[in-house]
file run31.txt (compact mmCIF, C-alpha atoms)
# COMPACT_ATOMS: atom_id res chain seq x y z
CA MET A 1475 239.98 9.30 203.46
CA ALA A 1476 241.49 12.72 202.77
CA GLU A 1477 244.68 11.92 204.65
CA PRO A 1478 247.54 10.93 202.31
CA ARG A 1479 248.38 7.25 201.99
CA THR A 1480 251.50 6.25 203.95
CA ALA A 1481 253.98 3.79 202.50
CA PRO A 1482 253.92 0.35 204.16
CA GLU A 1483 257.50 0.73 205.43
CA GLU A 1484 256.67 3.91 207.29
CA SER A 1485 253.60 2.43 208.94
CA ALA A 1486 255.58 -0.57 210.19
CA ARG A 1487 258.33 1.61 211.62
CA GLU A 1488 255.84 3.94 213.28
CA GLU A 1489 254.49 1.17 215.46
CA GLY A 1490 257.92 -0.02 216.56
CA LEU A 1491 257.65 -3.09 214.35
CA ALA A 1492 260.79 -2.51 212.32
CA PHE A 1493 261.39 -6.27 212.06
CA LEU A 1494 258.13 -6.64 210.13
CA GLU A 1495 259.09 -4.00 207.61
CA PRO A 1496 258.30 -5.40 204.18
CA ARG A 1497 260.98 -5.60 201.49
CA VAL A 1498 260.36 -6.42 197.87
CA HIS A 1499 263.00 -7.71 195.45
CA ALA A 1500 262.89 -7.40 191.69
CA GLU A 1501 266.16 -7.03 189.82
CA GLY A 1502 267.33 -7.39 186.24
CA PHE A 1503 269.38 -10.54 186.71
CA PRO A 1504 268.43 -13.10 189.38
CA VAL A 1505 271.68 -12.70 191.36
CA ALA A 1506 270.11 -13.67 194.67
CA GLN A 1507 268.60 -16.84 193.19
CA VAL A 1508 271.90 -17.96 191.65
CA PHE A 1509 273.78 -17.42 194.92
CA GLY A 1510 270.95 -19.06 196.84
CA TYR A 1511 271.14 -22.14 194.62
CA ALA A 1512 274.92 -22.35 194.95
CA GLY A 1513 274.60 -21.94 198.70
CA SER A 1514 271.97 -24.65 199.02
CA ILE A 1515 274.07 -27.11 197.00
CA ILE A 1516 277.19 -26.36 199.05
CA LEU A 1517 275.36 -26.71 202.38
CA THR A 1518 273.57 -29.95 201.49
CA PHE A 1519 276.39 -31.80 199.80
CA GLY A 1520 278.85 -30.35 202.33
CA SER A 1521 276.98 -32.10 205.11
CA PHE A 1522 276.97 -35.33 203.07
CA PHE A 1523 280.77 -35.19 202.73
CA LEU A 1524 281.19 -34.41 206.42
CA VAL A 1525 279.23 -37.57 207.17
CA THR A 1526 281.14 -39.78 204.71
CA ARG A 1527 284.55 -38.55 205.94
CA HIS A 1528 283.96 -39.45 209.62
CA LEU A 1529 285.83 -36.36 210.80
CA MET A 1530 283.94 -35.89 214.05
CA PRO A 1531 282.36 -37.92 216.83
CA PRO A 1532 278.72 -38.86 216.03
CA VAL A 1533 276.97 -36.41 218.38
CA VAL A 1534 279.05 -33.43 217.21
CA LEU A 1535 278.56 -34.47 213.60
CA LEU A 1536 274.77 -34.64 214.01
CA ALA A 1537 274.76 -31.19 215.63
CA VAL A 1538 276.89 -29.75 212.81
CA ILE A 1539 274.78 -31.15 209.97
CA LEU A 1540 271.54 -30.07 211.69
CA THR A 1541 273.00 -26.57 211.98
CA LEU A 1542 273.81 -26.65 208.26
CA ALA A 1543 270.19 -27.73 207.59
CA VAL A 1544 268.88 -24.80 209.65
CA GLY A 1545 271.16 -22.49 207.66
CA GLN A 1546 269.76 -23.96 204.47
CA ALA A 1547 266.18 -23.41 205.69
CA ALA A 1548 267.00 -19.79 206.51
CA LEU A 1549 268.50 -19.40 203.05
CA GLN A 1550 265.38 -20.81 201.36
CA LEU A 1551 263.12 -18.57 203.44
CA GLY A 1552 265.19 -15.45 202.88
CA VAL A 1553 266.30 -15.81 199.27
CA PHE A 1554 263.54 -17.82 197.60
CA MET A 1555 260.44 -17.41 199.72
CA HIS A 1556 260.92 -13.64 200.12
CA ILE A 1557 259.72 -13.95 203.71
CA ARG A 1558 259.76 -10.17 204.19
CA GLU A 1559 257.58 -9.41 201.19
CA SER A 1560 254.17 -8.11 202.02
CA ARG A 1561 251.66 -5.44 201.17
CA GLY A 1562 251.70 -4.14 204.75
CA PRO A 1563 253.85 -5.29 207.67
CA ALA A 1564 255.12 -8.83 207.01
CA TRP A 1565 252.93 -10.46 209.64
CA GLN A 1566 253.66 -13.99 208.40
CA ILE A 1567 257.01 -13.82 210.22
CA VAL A 1568 255.32 -13.96 213.65
CA PRO A 1569 253.19 -17.16 213.31
CA LEU A 1570 255.96 -18.82 211.30
CA GLY A 1571 258.45 -18.14 214.07
CA LEU A 1572 255.97 -19.47 216.59
CA ALA A 1573 255.46 -22.63 214.51
CA PHE A 1574 259.21 -23.24 214.35
CA PHE A 1575 259.42 -22.73 218.11
CA ILE A 1576 256.62 -25.26 218.71
CA ALA A 1577 258.23 -27.68 216.22
CA LEU A 1578 261.54 -27.44 218.04
CA GLY A 1579 259.82 -28.05 221.37
CA LEU A 1580 257.78 -30.96 220.03
CA ILE A 1581 260.78 -32.77 218.56
CA GLY A 1582 263.25 -31.82 221.30
CA MET A 1583 260.94 -32.80 224.16
CA SER A 1584 260.02 -36.11 222.48
CA VAL A 1585 263.68 -37.02 222.07
CA TRP A 1586 264.50 -35.86 225.59
CA ILE A 1587 261.77 -37.88 227.31
CA MET A 1588 262.65 -41.04 225.39
CA MET A 1589 266.33 -40.63 226.28
CA PHE A 1590 265.32 -40.59 229.92
CA LYS A 1591 263.51 -43.92 229.51
CA ALA A 1592 266.52 -45.47 227.78
CA GLY A 1593 268.76 -44.19 230.56
CA VAL A 1594 266.96 -45.93 233.41
CA SER A 1595 266.09 -49.23 231.76
CA MET B 1055 244.80 4.05 211.65
CA SER B 1056 248.20 4.04 210.07
CA LEU B 1057 248.05 0.73 208.18
CA PRO B 1058 247.92 1.31 204.44
CA LEU B 1059 244.51 0.80 202.88
CA ALA B 1060 243.69 -0.24 199.33
CA GLU B 1061 243.75 2.45 196.70
CA GLU B 1062 240.15 3.38 196.04
CA GLU B 1063 240.62 3.93 192.30
CA THR B 1064 242.48 0.88 191.02
CA GLY B 1065 242.86 -1.45 193.97
CA LEU B 1066 246.54 -1.70 193.03
CA ALA B 1067 249.12 -0.24 195.40
CA PRO B 1068 251.99 1.50 193.60
CA GLY B 1069 255.53 0.17 193.66
CA LEU B 1070 254.60 -3.44 194.43
CA PRO B 1071 254.57 -6.58 192.26
CA LEU B 1072 251.16 -7.54 190.87
CA GLU B 1073 250.38 -10.28 193.36
CA LEU B 1074 251.07 -8.00 196.34
CA ALA B 1075 249.64 -4.83 194.79
CA ASP B 1076 246.13 -6.26 194.51
CA ASP B 1077 244.60 -6.16 197.97
CA ARG B 1078 242.38 -9.22 197.55
CA GLU B 1079 245.20 -11.33 196.14
CA SER B 1080 247.75 -10.21 198.72
CA ILE B 1081 245.48 -11.26 201.59
CA LYS B 1082 245.38 -14.76 200.04
CA ILE B 1083 249.18 -14.84 200.14
CA THR B 1084 249.05 -14.09 203.87
CA GLY B 1085 246.45 -16.85 204.20
CA PHE B 1086 248.74 -19.26 202.40
CA TRP B 1087 251.52 -18.47 204.87
CA MET B 1088 249.11 -19.53 207.63
CA PHE B 1089 248.59 -22.85 205.81
CA LEU B 1090 252.36 -23.33 205.71
CA VAL B 1091 252.47 -22.69 209.45
CA THR B 1092 250.07 -25.61 209.99
CA ASP B 1093 252.12 -27.75 207.63
CA VAL B 1094 255.23 -27.02 209.72
CA LEU B 1095 253.38 -28.53 212.66
CA ILE B 1096 252.32 -31.65 210.70
CA PHE B 1097 255.91 -32.32 209.71
CA ALA B 1098 257.13 -31.50 213.23
CA SER B 1099 254.86 -34.25 214.60
CA LEU B 1100 256.10 -36.74 212.03
CA PHE B 1101 259.74 -35.80 212.70
CA ALA B 1102 259.13 -36.23 216.43
CA SER B 1103 257.68 -39.73 215.95
CA TYR B 1104 260.58 -40.63 213.66
CA ALA B 1105 263.09 -39.31 216.19
CA VAL B 1106 261.50 -41.48 218.87
CA TYR B 1107 261.15 -44.64 216.77
CA ARG B 1108 264.28 -44.60 214.65
CA SER B 1109 266.14 -46.88 217.03
CA ARG B 1110 263.15 -49.26 217.44
CA VAL B 1111 263.99 -51.61 214.60
CA ALA B 1112 262.54 -54.84 216.09
CA LEU B 1113 263.80 -57.79 213.98
CA ALA B 1114 264.02 -55.76 210.76
CA PRO B 1115 267.22 -54.07 209.51
CA GLY B 1116 268.07 -50.59 210.79
CA PRO B 1117 268.63 -47.29 208.94
CA ALA B 1118 272.24 -48.06 207.96
CA GLN B 1119 271.23 -51.22 206.06
CA VAL B 1120 267.97 -49.90 204.61
CA PHE B 1121 268.91 -46.59 202.96
CA HIS B 1122 270.34 -46.26 199.45
CA TYR B 1123 272.38 -43.08 199.18
CA GLY B 1124 272.59 -42.97 195.37
CA PRO B 1125 268.86 -42.37 194.80
CA VAL B 1126 268.68 -40.08 197.83
CA LEU B 1127 271.48 -37.83 196.55
CA LEU B 1128 269.82 -37.73 193.13
CA GLU B 1129 266.47 -36.79 194.70
CA THR B 1130 268.16 -34.07 196.76
CA LEU B 1131 269.84 -32.61 193.69
CA LEU B 1132 266.57 -32.69 191.72
CA LEU B 1133 264.59 -31.00 194.46
CA LEU B 1134 267.21 -28.32 195.20
CA THR B 1135 267.43 -27.55 191.48
CA SER B 1136 263.64 -27.38 191.18
CA SER B 1137 263.59 -24.93 194.07
CA PHE B 1138 266.02 -22.80 192.05
CA THR B 1139 263.95 -23.03 188.85
CA VAL B 1140 260.72 -22.05 190.59
CA GLY B 1141 262.64 -19.08 192.06
CA LEU B 1142 263.62 -18.16 188.49
CA ALA B 1143 259.97 -18.59 187.41
CA ILE B 1144 258.89 -16.00 189.98
CA TRP B 1145 261.74 -13.73 188.91
CA ALA B 1146 260.57 -14.05 185.26
CA MET B 1147 257.01 -13.33 186.36
CA ARG B 1148 258.14 -10.21 188.20
CA THR B 1149 259.98 -8.94 185.15
CA GLY B 1150 256.98 -9.66 182.94
CA ARG B 1151 258.46 -12.45 180.79
CA THR B 1152 255.62 -14.91 180.23
CA ARG B 1153 257.49 -17.36 177.98
CA MET B 1154 260.42 -17.55 180.36
CA LEU B 1155 258.03 -18.01 183.28
CA PHE B 1156 256.37 -20.85 181.39
CA PHE B 1157 259.73 -22.48 180.67
CA TRP B 1158 261.00 -22.35 184.27
CA LEU B 1159 257.67 -23.57 185.64
CA ALA B 1160 257.72 -26.50 183.21
CA ALA B 1161 261.33 -27.23 184.24
CA THR B 1162 260.24 -27.25 187.89
CA LEU B 1163 257.51 -29.71 187.04
CA VAL B 1164 259.86 -32.06 185.22
CA LEU B 1165 262.39 -31.98 188.07
CA GLY B 1166 259.62 -32.59 190.62
CA ALA B 1167 258.33 -35.51 188.57
CA GLY B 1168 261.88 -36.91 188.48
CA PHE B 1169 262.05 -36.63 192.26
CA VAL B 1170 258.76 -38.48 192.77
CA THR B 1171 259.68 -41.16 190.23
CA SER B 1172 262.99 -41.82 191.97
CA GLU B 1173 261.33 -41.93 195.38
CA ILE B 1174 258.58 -44.32 194.25
CA HIS B 1175 261.22 -46.53 192.64
CA ASP B 1176 263.23 -46.48 195.86
CA PHE B 1177 260.18 -47.34 197.99
CA THR B 1178 259.00 -50.17 195.72
CA SER B 1179 262.47 -51.73 195.68
CA MET B 1180 262.55 -51.53 199.50
CA VAL B 1181 259.11 -53.16 199.71
CA GLY B 1182 260.34 -55.78 197.22
CA GLN B 1183 263.06 -56.72 199.73
CA GLY B 1184 260.38 -57.23 202.37
CA LEU B 1185 261.02 -53.87 204.07
CA THR B 1186 257.37 -52.86 204.47
CA TRP B 1187 256.04 -50.54 207.11
CA HIS B 1188 254.71 -53.53 209.05
CA GLN B 1189 258.23 -54.68 209.87
CA SER B 1190 259.22 -52.23 212.60
CA ALA B 1191 258.33 -48.96 214.28
CA PHE B 1192 261.35 -47.42 212.54
CA LEU B 1193 260.04 -48.38 209.08
CA SER B 1194 256.49 -47.19 209.94
CA ALA B 1195 257.76 -43.79 211.04
CA PHE B 1196 260.09 -43.60 208.04
CA TYR B 1197 257.42 -44.36 205.43
CA VAL B 1198 254.89 -42.01 206.99
CA LEU B 1199 257.32 -39.09 207.25
CA VAL B 1200 258.98 -39.45 203.85
CA GLY B 1201 255.72 -40.57 202.21
CA THR B 1202 253.85 -37.49 203.48
CA HIS B 1203 256.54 -35.31 201.93
CA GLY B 1204 256.34 -37.28 198.68
CA ALA B 1205 252.53 -36.88 198.64
CA HIS B 1206 252.99 -33.12 199.07
CA VAL B 1207 255.39 -33.03 196.11
CA THR B 1208 252.97 -35.10 194.01
CA PHE B 1209 250.17 -32.66 194.81
CA GLY B 1210 252.50 -29.79 193.92
CA ILE B 1211 253.11 -31.29 190.48
CA VAL B 1212 249.36 -31.50 189.79
CA TRP B 1213 249.05 -27.90 190.98
CA ALA B 1214 251.89 -26.78 188.68
CA VAL B 1215 250.19 -28.43 185.69
CA THR B 1216 247.00 -26.44 186.32
CA LEU B 1217 249.12 -23.27 186.64
CA LEU B 1218 250.82 -23.94 183.29
CA PHE B 1219 247.38 -24.05 181.62
CA GLN B 1220 246.27 -20.87 183.40
CA VAL B 1221 249.42 -18.97 182.42
CA ALA B 1222 249.07 -20.16 178.83
CA ARG B 1223 245.46 -18.99 178.65
CA ARG B 1224 245.44 -15.82 180.74
CA GLY B 1225 249.05 -14.64 180.93
CA ILE B 1226 250.33 -12.78 184.00
CA THR B 1227 247.39 -11.21 185.84
CA PRO B 1228 247.06 -10.39 189.56
CA VAL B 1229 245.20 -13.70 190.03
CA THR B 1230 247.65 -15.95 188.17
CA ALA B 1231 250.59 -14.06 189.71
CA ARG B 1232 249.22 -14.73 193.18
CA LYS B 1233 248.67 -18.41 192.38
CA LEU B 1234 252.22 -18.75 191.06
CA TYR B 1235 253.59 -16.94 194.10
CA THR B 1236 251.77 -19.24 196.56
CA PHE B 1237 252.89 -22.25 194.52
CA SER B 1238 256.48 -21.06 194.83
CA LEU B 1239 256.08 -20.69 198.60
CA TYR B 1240 254.70 -24.23 198.78
CA TRP B 1241 257.51 -25.64 196.66
CA HIS B 1242 260.33 -23.95 198.60
CA PHE B 1243 258.70 -25.09 201.82
CA LEU B 1244 258.80 -28.70 200.59
CA ASP B 1245 262.45 -28.17 199.76
CA ILE B 1246 263.11 -27.09 203.36
CA VAL B 1247 261.29 -30.18 204.66
CA TRP B 1248 263.35 -32.36 202.34
CA VAL B 1249 266.60 -30.83 203.59
CA PHE B 1250 265.62 -31.88 207.10
CA ILE B 1251 264.60 -35.36 205.91
CA PHE B 1252 267.91 -35.68 204.06
CA THR B 1253 269.89 -34.48 207.06
CA PHE B 1254 268.07 -36.10 209.94
CA VAL B 1255 266.68 -39.28 208.38
CA TYR B 1256 269.20 -40.25 205.70
CA LEU B 1257 272.47 -38.73 206.98
CA GLY B 1258 271.40 -39.37 210.57
CA GLY B 1259 270.91 -43.01 209.61
CA LYS B 1260 274.48 -43.14 208.35
CA ILE B 1261 275.82 -41.66 211.59
CA GLY B 1262 273.91 -44.23 213.65

call {"tool": "encode", "arguments": {"input": "run31.txt", "output": "structure tokens"}}
result
Amino acid sequence: MAEPRTAPEESAREEGLAFLEPRVHAEGFPVAQVFGYAGSIILTFGSFFLVTRHLMPPVVLLAVILTLAVGQAALQLGVFMHIRESRGPAWQIVPLGLAFFIALGLIGMSVWIMMFKAGVS
Amino acid sequence: MSLPLAEEETGLAPGLPLELADDRESIKITGFWMFLVTDVLIFASLFASYAVYRSRVALAPGPAQVFHYGPVLLETLLLLTSSFTVGLAIWAMRTGRTRMLFFWLAATLVLGAGFVTSEIHDFTSMVGQGLTWHQSAFLSAFYVLVGTHGAHVTFGIVWAVTLLFQVARRGITPVTARKLYTFSLYWHFLDIVWVFIFTFVYLGGKIG
């Protein structure tokens, strides 16, 4: 109890967990939010226009707009959800990353196995 | 033991916003992240079933004939904007402006209600044309995926109403700040899910 309290950032770095280092945002004008909103509008409606313009073959187009969606998700997590904010190390990053990994596997494997069926029949 | 422990005197850690500074409230935020992790898995399962069934249209029309892009674009704009306004609500909360927080939260609620109204209108007009979820595996998967998201948004609106009352009565305290913060996490998460629905279901339906 007598030992001085260490800041959360230091404790995270000490254990080699620099990626879990918490960061807290609070500024006078919500610059990040405004840019985040502009970015989300551009990404979403950008993918809509890509689809309506028929600039690419279907498979490429689907890959591009899914990439834009992933970028948008990262933007929401980073700018609006403050994913790195925490009292101690930002432990939520680890299970969330795991969940996204499982989600990717679940969807990707389902699509893959059904493509195989369509290929042989 | 190098992890920071709660301050014995006040329970509030210095240099952190209210909802994170209070040790009992901040642990609930971590708990809410764990709920979101499970929700990612629910939506992953529904996306997987949609991905598998979207080409199984039986005798009913397929995605290209079924979807209306006008309402969908409107819903997307409403939800993206509401994600922005709830972000501003948290910013107002962090800078201690209760009235502004109240305003942005109310704006979020109105935008969310607009989203749900448009979606219900879209669904009822589809059902009116005979496009029910009995018609094909594609329509079943579509209604379950998009409907689950819509149910989440509807619940979020009810939640936001209760928060408006709590902010009006108690102002910004560690407890209300934590509740608003978890609500904002929930709302942005639904926005992310919608972006994937918009991209994969609606735009994917246009690609074919």

call {"tool": "interface_residues", "arguments": {"input": "run31.txt", "of": "chain A", "to": "chain B", "cutoff": "7 Å", "atoms": "all atoms listed in the file", "output": "PyMOL selection string"}}
result
chain A and resi 1479-1482+1485+1500+1504+1507+1511+1522+1525+1532+1536+1539-1540+1543+1547+1550+1554-1555+1560-1562+1566+1569-1570+1573+1577+1580-1581+1584-1585+1588

call {"tool": "residues_around", "arguments": {"input": "run31.txt", "residues": "Phe1509 (chain A)", "least_positions_apart": "6", "cutoff": "10 Å", "atoms": "all atoms listed in the file", "output": "count of residues only"}}
result
4

call {"tool": "residues_around", "arguments": {"input": "run31.txt", "residues": "Phe1493 (chain A)", "least_positions_apart": "2", "cutoff": "10 Å", "atoms": "all atoms listed in the file", "output": "list in words"}}
result
Ala1486, Arg1487, Gly1490, Leu1491, Glu1495, Pro1496, Arg1558, Pro1563, Ala1564, Trp1565, Ile1567 and Val1568 of chain A

call {"tool": "closest_residue", "arguments": {"input": "run31.txt", "among": "B:Ala1195, B:Leu1217, B:Met1154, B:Ile1211", "to": "Val1229 (chain B)", "atoms": "all atoms listed in the file"}}
result
B:Leu1217

call {"tool": "atom_distance", "arguments": {"input": "run31.txt", "atom1": "CA of Glu1559 (chain A)", "atom2": "CA of Leu1494 (chain A)"}}
result
9.4 Å

call {"tool": "residues_around", "arguments": {"input": "run31.txt", "residues": "Glu1129 (chain B)", "least_positions_apart": "2", "cutoff": "8 Å", "atoms": "all atoms listed in the file", "output": "short mmCIF file (atom, residue, chain, number, x, y, z; two decimals) with C-alpha atoms, in the frame of the given file"}}
result
data_model
loop_
_atom_site.label_atom_id
_atom_site.label_comp_id
_atom_site.auth_asym_id
_atom_site.auth_seq_id
_atom_site.Cartn_x
_atom_site.Cartn_y
_atom_site.Cartn_z
CA PRO B 1125 268.86 -42.37 194.80
CA VAL B 1126 268.68 -40.08 197.83
CA LEU B 1127 271.48 -37.83 196.55
CA LEU B 1131 269.84 -32.61 193.69
CA LEU B 1132 266.57 -32.69 191.72
CA LEU B 1133 264.59 -31.00 194.46
CA GLY B 1168 261.88 -36.91 188.48
CA PHE B 1169 262.05 -36.63 192.26
CA SER B 1172 262.99 -41.82 191.97
CA GLU B 1173 261.33 -41.93 195.38
#

call {"tool": "atom_distance", "arguments": {"input": "run31.txt", "atom1": "CA of His1556 (chain A)", "atom2": "CA of Phe1237 (chain B)"}}
result
13.0 Å

call {"tool": "atom_distance", "arguments": {"input": "run31.txt", "atom1": "CA of Gln1546 (chain A)", "atom2": "CA of Phe1156 (chain B)"}}
result
26.9 Å

call {"tool": "closest_residue", "arguments": {"input": "run31.txt", "among": "A:Ala1506, A:Leu1535, A:Met1583, A:Ala1548", "to": "Phe1523 (chain A)", "atoms": "only C-alpha atoms"}}
result
A:Leu1535

call {"tool": "closest_residue", "arguments": {"input": "run31.txt", "among": "A:Ile1516, A:Val1544, A:Leu1551, A:Ile1557", "to": "Leu1578 (chain A)", "atoms": "only C-alpha atoms"}}
result
A:Val1544

call {"tool": "residues_around", "arguments": {"input": "run31.txt", "residues": "region 1182-1190 of chain B", "least_positions_apart": "2", "cutoff": "7 Å", "atoms": "all atoms listed in the file", "output": "NGL selection string"}}
result
:B and (1110-1112 or 1114 or 1178-1180 or 1192-1194 or 1197)

call {"tool": "build_atoms", "arguments": {"input": "run31.txt", "residues": "region 1528-1543 of chain A", "atoms": "N, CA, C and O atoms", "output": "mmCIF file, in the coordinates of the input"}}
result
data_model
loop_
_atom_site.group_PDB
_atom_site.id
_atom_site.type_symbol
_atom_site.label_atom_id
_atom_site.label_comp_id
_atom_site.auth_asym_id
_atom_site.auth_seq_id
_atom_site.Cartn_x
_atom_site.Cartn_y
_atom_site.Cartn_z
ATOM 1 N N HIS A 1528 283.788 -39.070 208.196
ATOM 2 C CA HIS A 1528 283.960 -39.450 209.620
ATOM 3 C C HIS A 1528 284.986 -38.570 210.329
ATOM 4 O O HIS A 1528 285.900 -39.064 210.966
ATOM 5 N N LEU A 1529 284.850 -37.264 210.200
ATOM 6 C CA LEU A 1529 285.830 -36.360 210.800
ATOM 7 C C LEU A 1529 285.552 -36.086 212.270
ATOM 8 O O LEU A 1529 286.438 -35.673 213.007
ATOM 9 N N MET A 1530 284.309 -36.292 212.690
ATOM 10 C CA MET A 1530 283.940 -35.890 214.050
ATOM 11 C C MET A 1530 283.222 -37.022 214.772
ATOM 12 O O MET A 1530 282.722 -37.945 214.140
ATOM 13 N N PRO A 1531 283.159 -36.943 216.099
ATOM 14 C CA PRO A 1531 282.360 -37.920 216.830
ATOM 15 C C PRO A 1531 280.874 -37.759 216.470
ATOM 16 O O PRO A 1531 280.435 -36.658 216.140
ATOM 17 N N PRO A 1532 280.094 -38.863 216.521
ATOM 18 C CA PRO A 1532 278.720 -38.860 216.030
ATOM 19 C C PRO A 1532 277.846 -37.707 216.534
ATOM 20 O O PRO A 1532 277.155 -37.076 215.736
ATOM 21 N N VAL A 1533 277.878 -37.429 217.838
ATOM 22 C CA VAL A 1533 276.970 -36.410 218.380
ATOM 23 C C VAL A 1533 277.308 -35.031 217.811
ATOM 24 O O VAL A 1533 276.429 -34.266 217.408
ATOM 25 N N VAL A 1534 278.605 -34.723 217.752
ATOM 26 C CA VAL A 1534 279.050 -33.430 217.210
ATOM 27 C C VAL A 1534 278.646 -33.324 215.746
ATOM 28 O O VAL A 1534 278.138 -32.309 215.276
ATOM 29 N N LEU A 1535 278.872 -34.434 215.026
ATOM 30 C CA LEU A 1535 278.560 -34.470 213.600
ATOM 31 C C LEU A 1535 277.080 -34.189 213.357
ATOM 32 O O LEU A 1535 276.706 -33.386 212.497
ATOM 33 N N LEU A 1536 276.218 -34.847 214.152
ATOM 34 C CA LEU A 1536 274.770 -34.640 214.010
ATOM 35 C C LEU A 1536 274.417 -33.180 214.280
ATOM 36 O O LEU A 1536 273.630 -32.570 213.545
ATOM 37 N N ALA A 1537 275.021 -32.601 215.307
ATOM 38 C CA ALA A 1537 274.760 -31.190 215.630
ATOM 39 C C ALA A 1537 275.195 -30.294 214.491
ATOM 40 O O ALA A 1537 274.477 -29.357 214.102
ATOM 41 N N VAL A 1538 276.369 -30.603 213.897
ATOM 42 C CA VAL A 1538 276.890 -29.750 212.810
ATOM 43 C C VAL A 1538 275.982 -29.831 211.591
ATOM 44 O O VAL A 1538 275.599 -28.808 211.012
ATOM 45 N N ILE A 1539 275.582 -31.058 211.196
ATOM 46 C CA ILE A 1539 274.780 -31.150 209.970
ATOM 47 C C ILE A 1539 273.370 -30.593 210.197
ATOM 48 O O ILE A 1539 272.778 -30.027 209.283
ATOM 49 N N LEU A 1540 272.845 -30.693 211.427
ATOM 50 C CA LEU A 1540 271.540 -30.070 211.690
ATOM 51 C C LEU A 1540 271.651 -28.551 211.626
ATOM 52 O O LEU A 1540 270.738 -27.876 211.147
ATOM 53 N N THR A 1541 272.786 -28.013 212.093
ATOM 54 C CA THR A 1541 273.000 -26.570 211.980
ATOM 55 C C THR A 1541 273.059 -26.143 210.528
ATOM 56 O O THR A 1541 272.478 -25.121 210.133
ATOM 57 N N LEU A 1542 273.757 -26.953 209.697
ATOM 58 C CA LEU A 1542 273.810 -26.650 208.260
ATOM 59 C C LEU A 1542 272.408 -26.680 207.656
ATOM 60 O O LEU A 1542 272.070 -25.855 206.799
ATOM 61 N N ALA A 1543 271.564 -27.637 208.110
ATOM 62 C CA ALA A 1543 270.190 -27.730 207.590
ATOM 63 C C ALA A 1543 269.390 -26.487 207.980
ATOM 64 O O ALA A 1543 268.607 -25.974 207.174
#
